[in-house]
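Enquirer: Got a file for you: my_file21.tsv, TSV, N, CA and C atoms.
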chain	number	residue	atom	x	y	z
A	1	MET	N	101.39	-31.34	19.08
A	1	MET	CA	100.40	-32.02	19.86
A	1	MET	C	99.99	-33.34	19.21
A	2	ILE	N	99.76	-33.35	17.92
A	2	ILE	CA	99.44	-34.59	17.21
A	2	ILE	C	100.68	-35.00	16.42
A	3	ASP	N	101.22	-36.15	16.72
A	3	ASP	CA	102.41	-36.63	16.04
A	3	ASP	C	102.00	-37.65	14.98
A	4	PRO	N	101.89	-37.22	13.70
A	4	PRO	CA	101.41	-38.13	12.66
A	4	PRO	C	102.39	-39.25	12.31
A	5	THR	N	103.58	-39.25	12.94
A	5	THR	CA	104.53	-40.33	12.68
A	5	THR	C	104.26	-41.54	13.57
A	6	THR	N	103.36	-41.39	14.55
A	6	THR	CA	102.98	-42.52	15.40
A	6	THR	C	101.68	-43.11	14.87
A	7	PRO	N	101.42	-44.38	15.15
A	7	PRO	CA	100.14	-44.96	14.69
A	7	PRO	C	98.92	-44.20	15.23
A	8	PHE	N	98.94	-43.83	16.52
A	8	PHE	CA	97.81	-43.10	17.09
A	8	PHE	C	97.68	-41.71	16.44
A	9	GLY	N	98.78	-41.00	16.32
A	9	GLY	CA	98.75	-39.67	15.70
A	9	GLY	C	98.28	-39.71	14.26
A	10	ALA	N	98.70	-40.73	13.51
A	10	ALA	CA	98.25	-40.87	12.12
A	10	ALA	C	96.75	-41.13	12.07
A	11	ARG	N	96.25	-41.92	13.01
A	11	ARG	CA	94.80	-42.18	13.07
A	11	ARG	C	94.02	-40.92	13.41
A	12	VAL	N	94.55	-40.12	14.34
A	12	VAL	CA	93.90	-38.86	14.71
A	12	VAL	C	93.84	-37.94	13.48
A	13	GLU	N	94.96	-37.76	12.82
A	13	GLU	CA	95.00	-36.90	11.62
A	13	GLU	C	94.04	-37.39	10.55
A	14	ARG	N	94.01	-38.71	10.30
A	14	ARG	CA	93.11	-39.25	9.28
A	14	ARG	C	91.66	-38.96	9.62
A	15	ARG	N	91.28	-39.20	10.87
A	15	ARG	CA	89.89	-38.97	11.25
A	15	ARG	C	89.54	-37.49	11.20
A	16	LEU	N	90.47	-36.62	11.58
A	16	LEU	CA	90.21	-35.18	11.49
A	16	LEU	C	90.01	-34.74	10.04
A	17	ARG	N	90.69	-35.38	9.13
A	17	ARG	CA	90.53	-35.04	7.70
A	17	ARG	C	89.27	-35.67	7.10
A	18	GLU	N	88.95	-36.92	7.48
A	18	GLU	CA	87.94	-37.69	6.75
A	18	GLU	C	86.57	-37.76	7.39
A	19	GLU	N	86.48	-37.73	8.72
A	19	GLU	CA	85.18	-37.87	9.37
A	19	GLU	C	84.27	-36.69	9.03
A	20	LEU	N	82.98	-36.94	8.96
A	20	LEU	CA	82.01	-35.89	8.67
A	20	LEU	C	81.45	-35.25	9.94
A	21	ILE	N	81.40	-36.00	11.03
A	21	ILE	CA	80.81	-35.50	12.27
A	21	ILE	C	81.83	-35.60	13.39
A	22	ILE	N	81.88	-34.54	14.20
A	22	ILE	CA	82.65	-34.56	15.44
A	22	ILE	C	81.73	-34.03	16.52
A	23	TRP	N	81.89	-34.50	17.74
A	23	TRP	CA	81.08	-34.03	18.87
A	23	TRP	C	81.81	-32.88	19.54
A	24	LEU	N	81.17	-31.72	19.58
A	24	LEU	CA	81.68	-30.55	20.28
A	24	LEU	C	80.99	-30.51	21.64
A	25	THR	N	81.76	-30.59	22.71
A	25	THR	CA	81.20	-30.53	24.05
A	25	THR	C	81.59	-29.21	24.69
A	26	THR	N	80.57	-28.42	25.04
A	26	THR	CA	80.76	-27.16	25.75
A	26	THR	C	80.27	-27.36	27.18
A	27	VAL	N	80.43	-26.33	28.00
A	27	VAL	CA	80.00	-26.40	29.39
A	27	VAL	C	78.83	-25.45	29.59
A	28	GLY	N	77.69	-26.01	29.99
A	28	GLY	CA	76.50	-25.21	30.22
A	28	GLY	C	76.64	-24.29	31.43
A	29	GLU	N	75.71	-23.36	31.54
A	29	GLU	CA	75.74	-22.38	32.63
A	29	GLU	C	75.76	-23.05	34.00
A	30	ASP	N	75.11	-24.21	34.12
A	30	ASP	CA	75.07	-24.91	35.41
A	30	ASP	C	76.23	-25.89	35.58
A	31	GLY	N	77.20	-25.87	34.64
A	31	GLY	CA	78.37	-26.74	34.72
A	31	GLY	C	78.20	-28.08	34.07
A	32	THR	N	77.03	-28.34	33.46
A	32	THR	CA	76.76	-29.62	32.83
A	32	THR	C	77.38	-29.66	31.43
A	33	PRO	N	78.10	-30.72	31.08
A	33	PRO	CA	78.62	-30.86	29.72
A	33	PRO	C	77.46	-30.92	28.72
A	34	GLN	N	77.64	-30.25	27.58
A	34	GLN	CA	76.60	-30.16	26.55
A	34	GLN	C	77.19	-30.59	25.21
A	35	PRO	N	77.12	-31.88	24.86
A	35	PRO	CA	77.66	-32.33	23.58
A	35	PRO	C	76.71	-32.02	22.42
A	36	SER	N	77.30	-31.64	21.29
A	36	SER	CA	76.53	-31.35	20.07
A	36	SER	C	77.28	-31.94	18.88
A	37	PRO	N	76.62	-32.73	18.03
A	37	PRO	CA	77.29	-33.20	16.81
A	37	PRO	C	77.37	-32.05	15.81
A	38	VAL	N	78.54	-31.85	15.23
A	38	VAL	CA	78.74	-30.73	14.29
A	38	VAL	C	79.55	-31.17	13.09
A	39	TRP	N	79.35	-30.45	11.99
A	39	TRP	CA	80.23	-30.56	10.84
A	39	TRP	C	81.46	-29.71	11.13
A	40	PHE	N	82.60	-30.08	10.55
A	40	PHE	CA	83.84	-29.38	10.89
A	40	PHE	C	84.86	-29.50	9.76
A	41	LEU	N	85.85	-28.64	9.84
A	41	LEU	CA	86.94	-28.67	8.88
A	41	LEU	C	88.25	-28.51	9.64
A	42	TRP	N	89.14	-29.47	9.47
A	42	TRP	CA	90.46	-29.47	10.09
A	42	TRP	C	91.44	-28.82	9.14
A	43	ASP	N	92.24	-27.87	9.63
A	43	ASP	CA	93.21	-27.20	8.77
A	43	ASP	C	94.65	-27.56	9.11
A	44	GLY	N	94.83	-28.56	9.94
A	44	GLY	CA	96.16	-28.99	10.34
A	44	GLY	C	96.55	-28.51	11.72
A	45	SER	N	95.86	-27.48	12.22
A	45	SER	CA	96.16	-27.00	13.57
A	45	SER	C	94.92	-26.57	14.35
A	46	SER	N	93.81	-26.38	13.66
A	46	SER	CA	92.57	-26.00	14.35
A	46	SER	C	91.37	-26.56	13.60
A	47	VAL	N	90.23	-26.52	14.29
A	47	VAL	CA	88.98	-27.03	13.74
A	47	VAL	C	88.03	-25.86	13.54
A	48	LEU	N	87.51	-25.75	12.32
A	48	LEU	CA	86.55	-24.70	11.99
A	48	LEU	C	85.15	-25.31	11.98
A	49	ILE	N	84.25	-24.65	12.71
A	49	ILE	CA	82.86	-25.10	12.83
A	49	ILE	C	81.96	-23.91	12.52
A	50	TYR	N	80.92	-24.13	11.74
A	50	TYR	CA	79.93	-23.07	11.48
A	50	TYR	C	78.68	-23.37	12.30
A	51	SER	N	78.12	-22.32	12.90
A	51	SER	CA	76.96	-22.48	13.77
A	51	SER	C	75.88	-21.48	13.41
A	52	LYS	N	74.66	-21.85	13.73
A	52	LYS	CA	73.58	-20.87	13.69
A	52	LYS	C	73.86	-19.85	14.80
A	53	PRO	N	73.43	-18.61	14.66
A	53	PRO	CA	73.62	-17.63	15.73
A	53	PRO	C	72.70	-17.93	16.91
A	54	ASN	N	73.04	-17.37	18.05
A	54	ASN	CA	72.21	-17.43	19.25
A	54	ASN	C	71.88	-18.86	19.71
A	55	THR	N	72.86	-19.74	19.63
A	55	THR	CA	72.65	-21.12	20.07
A	55	THR	C	73.24	-21.31	21.47
A	56	PRO	N	72.75	-22.32	22.19
A	56	PRO	CA	73.34	-22.59	23.52
A	56	PRO	C	74.85	-22.82	23.46
A	57	LYS	N	75.34	-23.51	22.43
A	57	LYS	CA	76.79	-23.76	22.39
A	57	LYS	C	77.58	-22.47	22.29
A	58	LEU	N	77.06	-21.47	21.56
A	58	LEU	CA	77.75	-20.19	21.47
A	58	LEU	C	77.72	-19.45	22.81
A	59	ARG	N	76.59	-19.49	23.48
A	59	ARG	CA	76.50	-18.86	24.80
A	59	ARG	C	77.44	-19.56	25.79
A	60	ASN	N	77.50	-20.87	25.70
A	60	ASN	CA	78.41	-21.62	26.58
A	60	ASN	C	79.86	-21.23	26.33
A	61	ILE	N	80.25	-21.10	25.09
A	61	ILE	CA	81.63	-20.74	24.75
A	61	ILE	C	81.95	-19.33	25.19
A	62	GLU	N	80.98	-18.42	25.09
A	62	GLU	CA	81.21	-17.05	25.58
A	62	GLU	C	81.54	-17.06	27.07
A	63	ARG	N	80.90	-17.93	27.84
A	63	ARG	CA	81.13	-18.01	29.29
A	63	ARG	C	82.38	-18.81	29.63
A	64	HIS	N	82.63	-19.84	28.83
A	64	HIS	CA	83.70	-20.78	29.18
A	64	HIS	C	84.27	-21.35	27.87
A	65	ALA	N	85.46	-20.90	27.52
A	65	ALA	CA	86.04	-21.25	26.21
A	65	ALA	C	86.58	-22.67	26.12
A	66	ALA	N	86.74	-23.36	27.26
A	66	ALA	CA	87.27	-24.72	27.23
A	66	ALA	C	86.22	-25.66	26.64
A	67	VAL	N	86.64	-26.48	25.67
A	67	VAL	CA	85.74	-27.41	25.00
A	67	VAL	C	86.45	-28.74	24.79
A	68	ALA	N	85.67	-29.74	24.41
A	68	ALA	CA	86.21	-31.03	24.00
A	68	ALA	C	85.62	-31.38	22.64
A	69	LEU	N	86.39	-32.08	21.85
A	69	LEU	CA	85.95	-32.62	20.56
A	69	LEU	C	86.18	-34.12	20.62
A	70	SER	N	85.21	-34.90	20.16
A	70	SER	CA	85.39	-36.35	20.16
A	70	SER	C	84.66	-36.96	18.98
A	71	PHE	N	85.15	-38.11	18.58
A	71	PHE	CA	84.54	-38.88	17.51
A	71	PHE	C	83.74	-40.03	18.10
A	72	ASN	N	82.80	-40.55	17.35
A	72	ASN	CA	82.15	-41.79	17.74
A	72	ASN	C	83.20	-42.88	17.82
A	73	SER	N	83.03	-43.79	18.76
A	73	SER	CA	83.92	-44.94	18.87
A	73	SER	C	83.37	-46.07	17.99
A	74	THR	N	84.11	-47.15	17.93
A	74	THR	CA	83.59	-48.33	17.27
A	74	THR	C	82.50	-48.93	18.16
A	75	ALA	N	81.75	-49.88	17.65
A	75	ALA	CA	80.65	-50.50	18.40
A	75	ALA	C	81.12	-51.15	19.69
A	76	ASP	N	82.37	-51.62	19.72
A	76	ASP	CA	82.87	-52.26	20.94
A	76	ASP	C	83.73	-51.33	21.79
A	77	GLY	N	83.66	-50.01	21.52
A	77	GLY	CA	84.35	-49.03	22.36
A	77	GLY	C	85.78	-48.74	21.96
A	78	GLY	N	86.20	-49.17	20.80
A	78	GLY	CA	87.55	-48.88	20.33
A	78	GLY	C	87.62	-47.60	19.51
A	79	ASP	N	88.80	-47.26	19.07
A	79	ASP	CA	89.07	-46.09	18.23
A	79	ASP	C	88.59	-44.80	18.89
A	80	VAL	N	88.90	-44.66	20.17
A	80	VAL	CA	88.50	-43.48	20.94
A	80	VAL	C	89.52	-42.36	20.70
A	81	ILE	N	89.00	-41.17	20.37
A	81	ILE	CA	89.83	-39.97	20.21
A	81	ILE	C	89.07	-38.81	20.84
A	82	VAL	N	89.73	-38.14	21.78
A	82	VAL	CA	89.18	-36.96	22.43
A	82	VAL	C	90.23	-35.87	22.39
A	83	LEU	N	89.85	-34.71	21.86
A	83	LEU	CA	90.73	-33.55	21.85
A	83	LEU	C	90.13	-32.51	22.78
A	84	THR	N	90.96	-31.87	23.58
A	84	THR	CA	90.49	-30.77	24.41
A	84	THR	C	91.24	-29.51	23.99
A	85	GLY	N	90.60	-28.36	24.20
A	85	GLY	CA	91.22	-27.11	23.81
A	85	GLY	C	90.30	-25.95	24.09
A	86	THR	N	90.47	-24.90	23.33
A	86	THR	CA	89.67	-23.70	23.52
A	86	THR	C	88.96	-23.33	22.22
A	87	ALA	N	87.81	-22.72	22.38
A	87	ALA	CA	87.02	-22.28	21.23
A	87	ALA	C	86.82	-20.77	21.31
A	88	GLN	N	86.76	-20.16	20.14
A	88	GLN	CA	86.46	-18.73	20.08
A	88	GLN	C	85.81	-18.42	18.74
A	89	LEU	N	85.05	-17.36	18.72
A	89	LEU	CA	84.48	-16.90	17.46
A	89	LEU	C	85.61	-16.51	16.53
A	90	ASP	N	85.43	-16.75	15.24
A	90	ASP	CA	86.45	-16.40	14.25
A	90	ASP	C	85.82	-15.54	13.17
A	91	PRO	N	85.72	-14.22	13.39
A	91	PRO	CA	85.11	-13.35	12.40
A	91	PRO	C	85.93	-13.22	11.12
A	92	GLN	N	87.18	-13.67	11.14
A	92	GLN	CA	88.04	-13.61	9.95
A	92	GLN	C	87.86	-14.82	9.03
A	93	ALA	N	87.19	-15.85	9.50
A	93	ALA	CA	87.00	-17.06	8.68
A	93	ALA	C	86.08	-16.73	7.50
A	94	PRO	N	86.33	-17.35	6.36
A	94	PRO	CA	85.41	-17.15	5.24
A	94	PRO	C	84.06	-17.79	5.55
A	95	SER	N	83.02	-17.32	4.92
A	95	SER	CA	81.73	-17.99	5.08
A	95	SER	C	81.85	-19.38	4.49
A	96	SER	N	80.99	-20.28	4.92
A	96	SER	CA	81.11	-21.67	4.49
A	96	SER	C	81.00	-21.82	2.97
A	97	ASP	N	80.21	-20.97	2.32
A	97	ASP	CA	80.08	-21.08	0.87
A	97	ASP	C	81.29	-20.52	0.13
A	98	GLN	N	82.18	-19.84	0.85
A	98	GLN	CA	83.41	-19.31	0.25
A	98	GLN	C	84.63	-20.20	0.55
A	99	SER	N	84.41	-21.27	1.27
A	99	SER	CA	85.48	-22.21	1.59
A	99	SER	C	85.38	-23.41	0.66
A	100	ALA	N	86.30	-23.51	-0.28
A	100	ALA	CA	86.29	-24.63	-1.23
A	100	ALA	C	86.41	-25.97	-0.50
A	101	ASP	N	87.25	-26.02	0.54
A	101	ASP	CA	87.43	-27.27	1.27
A	101	ASP	C	86.15	-27.67	2.00
A	102	TYR	N	85.47	-26.71	2.61
A	102	TYR	CA	84.23	-27.01	3.31
A	102	TYR	C	83.17	-27.47	2.32
A	103	GLN	N	83.08	-26.80	1.19
A	103	GLN	CA	82.10	-27.18	0.18
A	103	GLN	C	82.39	-28.56	-0.38
A	104	ALA	N	83.66	-28.88	-0.59
A	104	ALA	CA	84.01	-30.21	-1.10
A	104	ALA	C	83.61	-31.30	-0.10
A	105	LYS	N	83.78	-31.02	1.18
A	105	LYS	CA	83.48	-32.01	2.21
A	105	LYS	C	81.97	-32.15	2.45
A	106	TYR	N	81.22	-31.04	2.38
A	106	TYR	CA	79.83	-31.06	2.82
A	106	TYR	C	78.79	-30.69	1.76
A	107	ALA	N	79.16	-30.60	0.51
A	107	ALA	CA	78.19	-30.25	-0.53
A	107	ALA	C	77.00	-31.20	-0.54
A	108	ALA	N	77.26	-32.49	-0.44
A	108	ALA	CA	76.15	-33.47	-0.46
A	108	ALA	C	75.29	-33.32	0.79
A	109	GLY	N	75.90	-33.12	1.93
A	109	GLY	CA	75.14	-32.95	3.16
A	109	GLY	C	74.29	-31.70	3.15
A	110	ILE	N	74.83	-30.62	2.62
A	110	ILE	CA	74.07	-29.37	2.53
A	110	ILE	C	72.87	-29.57	1.61
A	111	ALA	N	73.09	-30.24	0.48
A	111	ALA	CA	71.98	-30.52	-0.44
A	111	ALA	C	70.95	-31.45	0.22
A	112	ASN	N	71.41	-32.43	0.99
A	112	ASN	CA	70.51	-33.38	1.65
A	112	ASN	C	69.58	-32.73	2.67
A	113	ILE	N	70.00	-31.60	3.25
A	113	ILE	CA	69.11	-30.90	4.18
A	113	ILE	C	68.29	-29.83	3.47
A	114	GLY	N	68.34	-29.84	2.13
A	114	GLY	CA	67.49	-28.97	1.34
A	114	GLY	C	67.97	-27.54	1.22
A	115	LEU	N	69.26	-27.31	1.39
A	115	LEU	CA	69.79	-25.96	1.29
A	115	LEU	C	70.80	-25.85	0.16
A	116	ALA	N	70.91	-24.66	-0.38
A	116	ALA	CA	71.98	-24.33	-1.31
A	116	ALA	C	73.16	-23.82	-0.48
A	117	PRO	N	74.37	-23.82	-1.05
A	117	PRO	CA	75.52	-23.33	-0.28
A	117	PRO	C	75.32	-21.93	0.31
A	118	ALA	N	74.74	-21.02	-0.45
A	118	ALA	CA	74.55	-19.65	0.06
A	118	ALA	C	73.53	-19.60	1.19
A	119	SER	N	72.45	-20.38	1.09
A	119	SER	CA	71.46	-20.36	2.17
A	119	SER	C	71.99	-21.06	3.42
A	120	PHE	N	72.81	-22.09	3.25
A	120	PHE	CA	73.46	-22.72	4.41
A	120	PHE	C	74.38	-21.70	5.09
A	121	ALA	N	75.17	-20.99	4.29
A	121	ALA	CA	76.10	-19.99	4.84
A	121	ALA	C	75.35	-18.89	5.58
A	122	ALA	N	74.19	-18.52	5.08
A	122	ALA	CA	73.40	-17.49	5.76
A	122	ALA	C	72.84	-18.03	7.07
A	123	ALA	N	72.38	-19.27	7.09
A	123	ALA	CA	71.79	-19.85	8.30
A	123	ALA	C	72.86	-20.18	9.35
A	124	TYR	N	74.01	-20.67	8.90
A	124	TYR	CA	75.11	-21.05	9.78
A	124	TYR	C	76.24	-20.05	9.61
A	125	GLY	N	75.96	-18.83	9.98
A	125	GLY	CA	76.87	-17.73	9.68
A	125	GLY	C	77.89	-17.39	10.74
A	126	VAL	N	77.92	-18.13	11.83
A	126	VAL	CA	78.89	-17.86	12.89
A	126	VAL	C	80.00	-18.89	12.82
A	127	ALA	N	81.22	-18.42	12.61
A	127	ALA	CA	82.37	-19.32	12.53
A	127	ALA	C	83.03	-19.43	13.90
A	128	LEU	N	83.26	-20.67	14.32
A	128	LEU	CA	83.98	-20.97	15.56
A	128	LEU	C	85.30	-21.63	15.20
A	129	ARG	N	86.32	-21.29	15.92
A	129	ARG	CA	87.61	-21.94	15.72
A	129	ARG	C	88.00	-22.61	17.04
A	130	VAL	N	88.22	-23.91	16.98
A	130	VAL	CA	88.67	-24.67	18.15
A	130	VAL	C	90.14	-24.99	17.95
A	131	THR	N	90.94	-24.61	18.93
A	131	THR	CA	92.37	-24.91	18.90
A	131	THR	C	92.64	-26.00	19.93
A	132	PRO	N	92.91	-27.21	19.46
A	132	PRO	CA	93.19	-28.30	20.40
A	132	PRO	C	94.53	-28.08	21.11
A	133	THR	N	94.57	-28.46	22.39
A	133	THR	CA	95.80	-28.37	23.17
A	133	THR	C	96.24	-29.74	23.70
A	134	ARG	N	95.33	-30.70	23.64
A	134	ARG	CA	95.65	-32.04	24.13
A	134	ARG	C	94.81	-33.06	23.37
A	135	VAL	N	95.39	-34.22	23.14
A	135	VAL	CA	94.66	-35.32	22.52
A	135	VAL	C	94.92	-36.58	23.33
A	136	ARG	N	93.87	-37.38	23.48
A	136	ARG	CA	94.02	-38.65	24.17
A	136	ARG	C	93.10	-39.66	23.51
A	137	GLY	N	93.33	-40.90	23.78
A	137	GLY	CA	92.49	-41.95	23.23
A	137	GLY	C	93.23	-43.26	23.16
A	138	HIS	N	92.57	-44.19	22.48
A	138	HIS	CA	93.17	-45.53	22.29
A	138	HIS	C	92.53	-46.16	21.07
In C-alpha cells, write the structure found in this file.

Expert:
Amino acid sequence: MIDPTTPFGARVERRLREELIIWLTTVGEDGTPQPSPVWFLWDGSSVLIYSKPNTPKLRNIERHAAVALSFNSTADGGDVIVLTGTAQLDPQAPSSDQSADYQAKYAAGIANIGLAPASFAAAYGVALRVTPTRVRGH
C-alpha cells in the first residue's frame, strides 16, 4: 500500500515514523465524522494508539470500524497525507509502558502532562490497532 521507493511513499513512511500527532477520524452514531488528535506508533504495517477507556472514539469504532488517519498539512495546504482503513481493539498489544518504542517516542510528552509511564499506561489502557488499506495525498 505504501511504496517507500516513490517520493510520496517515502514521505508517508517518514511522517508515520517521525510525527508525534496524527488525527484519528471515527464515525459518530449520527454519521458525523469525529476527528481526534492522538499519539501513535507505526510498526511498518499498522498504527498502534492507546486510549482512555469508555471514550466516544472507542464507541464509534465498536459500531463502525472504518476510520481515517491524517496529518496536519503545511500552512499553505501542502504535504497532505490521509490513510483510510479499519480499527479494532488489540488486547495482545503491550501496555504503553512496556513498549520501548512508544516510550522512546513519547517519554517527554508523558512527563509534560505530569504522568509517569506506569500511570499513563493505566490511564490509557486500551490499545487500538489501525490497519491502513489506502493512502492518498499530495

Enquirer: Nearest residue to A:Val12 out of A:Tyr102, A:Tyr124, A:Phe71, A:Trp39, using only C-alpha atoms?

Expert: A:Phe71

Enquirer: Would you kindly return, as a VMD selection string, each protein, DNA or RNA residue with an atom no farther than 8 Å from any atom of A:Asp97, considering only N, CA and C atoms and excluding same-chain residues fewer than 5 positions away?

Expert: chain A and resid 102 to 103 116 to 122

Enquirer: Using DSSP on the backbone coordinates, identify all residues within chain A classified as strand (DSSP E or B); present the result as a VMD selection string.

Expert: chain A and resid 22 to 27 33 to 38 41 to 42 47 to 51 66 to 70 81 to 89 126 to 137

Enquirer: Would you output that residue set with N, CA and C atoms, as a compact mmCIF listing (two decimals), keeping the file's coordinate frame?

Expert:
# COMPACT_ATOMS: atom_id res chain seq x y z
N ILE A 22 81.88 -34.54 14.20
CA ILE A 22 82.65 -34.56 15.44
C ILE A 22 81.73 -34.03 16.52
N TRP A 23 81.89 -34.50 17.74
CA TRP A 23 81.08 -34.03 18.87
C TRP A 23 81.81 -32.88 19.54
N LEU A 24 81.17 -31.72 19.58
CA LEU A 24 81.68 -30.55 20.28
C LEU A 24 80.99 -30.51 21.64
N THR A 25 81.76 -30.59 22.71
CA THR A 25 81.20 -30.53 24.05
C THR A 25 81.59 -29.21 24.69
N THR A 26 80.57 -28.42 25.04
CA THR A 26 80.76 -27.16 25.75
C THR A 26 80.27 -27.36 27.18
N VAL A 27 80.43 -26.33 28.00
CA VAL A 27 80.00 -26.40 29.39
C VAL A 27 78.83 -25.45 29.59
N PRO A 33 78.10 -30.72 31.08
CA PRO A 33 78.62 -30.86 29.72
C PRO A 33 77.46 -30.92 28.72
N GLN A 34 77.64 -30.25 27.58
CA GLN A 34 76.60 -30.16 26.55
C GLN A 34 77.19 -30.59 25.21
N PRO A 35 77.12 -31.88 24.86
CA PRO A 35 77.66 -32.33 23.58
C PRO A 35 76.71 -32.02 22.42
N SER A 36 77.30 -31.64 21.29
CA SER A 36 76.53 -31.35 20.07
C SER A 36 77.28 -31.94 18.88
N PRO A 37 76.62 -32.73 18.03
CA PRO A 37 77.29 -33.20 16.81
C PRO A 37 77.37 -32.05 15.81
N VAL A 38 78.54 -31.85 15.23
CA VAL A 38 78.74 -30.73 14.29
C VAL A 38 79.55 -31.17 13.09
N LEU A 41 85.85 -28.64 9.84
CA LEU A 41 86.94 -28.67 8.88
C LEU A 41 88.25 -28.51 9.64
N TRP A 42 89.14 -29.47 9.47
CA TRP A 42 90.46 -29.47 10.09
C TRP A 42 91.44 -28.82 9.14
N VAL A 47 90.23 -26.52 14.29
CA VAL A 47 88.98 -27.03 13.74
C VAL A 47 88.03 -25.86 13.54
N LEU A 48 87.51 -25.75 12.32
CA LEU A 48 86.55 -24.70 11.99
C LEU A 48 85.15 -25.31 11.98
N ILE A 49 84.25 -24.65 12.71
CA ILE A 49 82.86 -25.10 12.83
C ILE A 49 81.96 -23.91 12.52
N TYR A 50 80.92 -24.13 11.74
CA TYR A 50 79.93 -23.07 11.48
C TYR A 50 78.68 -23.37 12.30
N SER A 51 78.12 -22.32 12.90
CA SER A 51 76.96 -22.48 13.77
C SER A 51 75.88 -21.48 13.41
N ALA A 66 86.74 -23.36 27.26
CA ALA A 66 87.27 -24.72 27.23
C ALA A 66 86.22 -25.66 26.64
N VAL A 67 86.64 -26.48 25.67
CA VAL A 67 85.74 -27.41 25.00
C VAL A 67 86.45 -28.74 24.79
N ALA A 68 85.67 -29.74 24.41
CA ALA A 68 86.21 -31.03 24.00
C ALA A 68 85.62 -31.38 22.64
N LEU A 69 86.39 -32.08 21.85
CA LEU A 69 85.95 -32.62 20.56
C LEU A 69 86.18 -34.12 20.62
N SER A 70 85.21 -34.90 20.16
CA SER A 70 85.39 -36.35 20.16
C SER A 70 84.66 -36.96 18.98
N ILE A 81 89.00 -41.17 20.37
CA ILE A 81 89.83 -39.97 20.21
C ILE A 81 89.07 -38.81 20.84
N VAL A 82 89.73 -38.14 21.78
CA VAL A 82 89.18 -36.96 22.43
C VAL A 82 90.23 -35.87 22.39
N LEU A 83 89.85 -34.71 21.86
CA LEU A 83 90.73 -33.55 21.85
C LEU A 83 90.13 -32.51 22.78
N THR A 84 90.96 -31.87 23.58
CA THR A 84 90.49 -30.77 24.41
C THR A 84 91.24 -29.51 23.99
N GLY A 85 90.60 -28.36 24.20
CA GLY A 85 91.22 -27.11 23.81
C GLY A 85 90.30 -25.95 24.09
N THR A 86 90.47 -24.90 23.33
CA THR A 86 89.67 -23.70 23.52
C THR A 86 88.96 -23.33 22.22
N ALA A 87 87.81 -22.72 22.38
CA ALA A 87 87.02 -22.28 21.23
C ALA A 87 86.82 -20.77 21.31
N GLN A 88 86.76 -20.16 20.14
CA GLN A 88 86.46 -18.73 20.08
C GLN A 88 85.81 -18.42 18.74
N LEU A 89 85.05 -17.36 18.72
CA LEU A 89 84.48 -16.90 17.46
C LEU A 89 85.61 -16.51 16.53
N VAL A 126 77.92 -18.13 11.83
CA VAL A 126 78.89 -17.86 12.89
C VAL A 126 80.00 -18.89 12.82
N ALA A 127 81.22 -18.42 12.61
CA ALA A 127 82.37 -19.32 12.53
C ALA A 127 83.03 -19.43 13.90
N LEU A 128 83.26 -20.67 14.32
CA LEU A 128 83.98 -20.97 15.56
C LEU A 128 85.30 -21.63 15.20
N ARG A 129 86.32 -21.29 15.92
CA ARG A 129 87.61 -21.94 15.72
C ARG A 129 88.00 -22.61 17.04
N VAL A 130 88.22 -23.91 16.98
CA VAL A 130 88.67 -24.67 18.15
C VAL A 130 90.14 -24.99 17.95
N THR A 131 90.94 -24.61 18.93
CA THR A 131 92.37 -24.91 18.90
C THR A 131 92.64 -26.00 19.93
N PRO A 132 92.91 -27.21 19.46
CA PRO A 132 93.19 -28.30 20.40
C PRO A 132 94.53 -28.08 21.11
N THR A 133 94.57 -28.46 22.39
CA THR A 133 95.80 -28.37 23.17
C THR A 133 96.24 -29.74 23.70
N ARG A 134 95.33 -30.70 23.64
CA ARG A 134 95.65 -32.04 24.13
C ARG A 134 94.81 -33.06 23.37
N VAL A 135 95.39 -34.22 23.14
CA VAL A 135 94.66 -35.32 22.52
C VAL A 135 94.92 -36.58 23.33
N ARG A 136 93.87 -37.38 23.48
CA ARG A 136 94.02 -38.65 24.17
C ARG A 136 93.10 -39.66 23.51
N GLY A 137 93.33 -40.90 23.78
CA GLY A 137 92.49 -41.95 23.23
C GLY A 137 93.23 -43.26 23.16

Enquirer: When you look at A:Thr86 with a cut-off of 8 Å (counting all atoms listed in the file), what residues show up, excluding the ones that are within fewer than 5 positions of it in the same chain? I need them as a ChimeraX atom specification.

Expert: /A:64-68,129-134

Enquirer: Tell me which of A:Gln88, A:Thr74, A:Thr26, A:Ser96 sits closest to A:Pro56, counting all atoms listed in the file.

Expert: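 Selected residue with least distance to A:Pro56: A:Thr26.
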
Enquirer: What gap, in Å, lies between atom N of A:Val38 and atom N of A:Asp3?

Expert: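 According to the coordinates, atom N of A:Val38 and atom N of A:Asp3 are separated by 23.1 Å.
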
Enquirer: Quick one: distance from atom C of A:Ser99 to atom C of A:Asn54 in Å, one decimal?

Expert: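 Taking atom C of A:Ser99 and atom C of A:Asn54, their separation equals 23.8 Å.
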
Enquirer: Considering all atoms listed in the file, return as a PyMOL selection string whatever protein or nucleic-acid residues lie within 5 Å of A:Ile49, sequence-local ones (same chain, fewer than 3 positions apart) excluded.

Expert: chain A and resi 40+127-128

Enquirer: If we count only N, CA and C atoms and set the cut-off at 6.5 Å, which residues sit around A:Glu13, ignoring sequence neighbours fewer than 5 positions away in its own chain? Please answer as a PyMOL selection string.

Expert: chain A and resi 4+8+18

Enquirer: Enclose all atoms of stretch 55-66 of chain A listed in the file in an axis-aligned box, grow every side by 4 Å, and hand back centre and edge lengths in Å to one decimal, as AutoDock Vina command-line options.

Expert:
--center_x 80.0 --center_y -21.4 --center_z 24.6 --size_x 22.6 --size_y 16.6 --size_z 18.0

Enquirer: One decimal, in Å: what's the spacing between atom C of A:Asp79 and atom C of A:Lys52?

Expert: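 Spanning atom C of A:Asp79 to atom C of A:Lys52 is a straight-line distance of 29.3 Å.
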
Enquirer: For A:Trp42, which of A:Glu62, A:Gln92, A:Leu16, A:Ala111 is the closest residue, counting only N, CA and C atoms?

Expert: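 Checking each of A:Glu62, A:Gln92, A:Leu16, A:Ala111 against A:Trp42, counting only N, CA and C atoms, the winner is A:Leu16.
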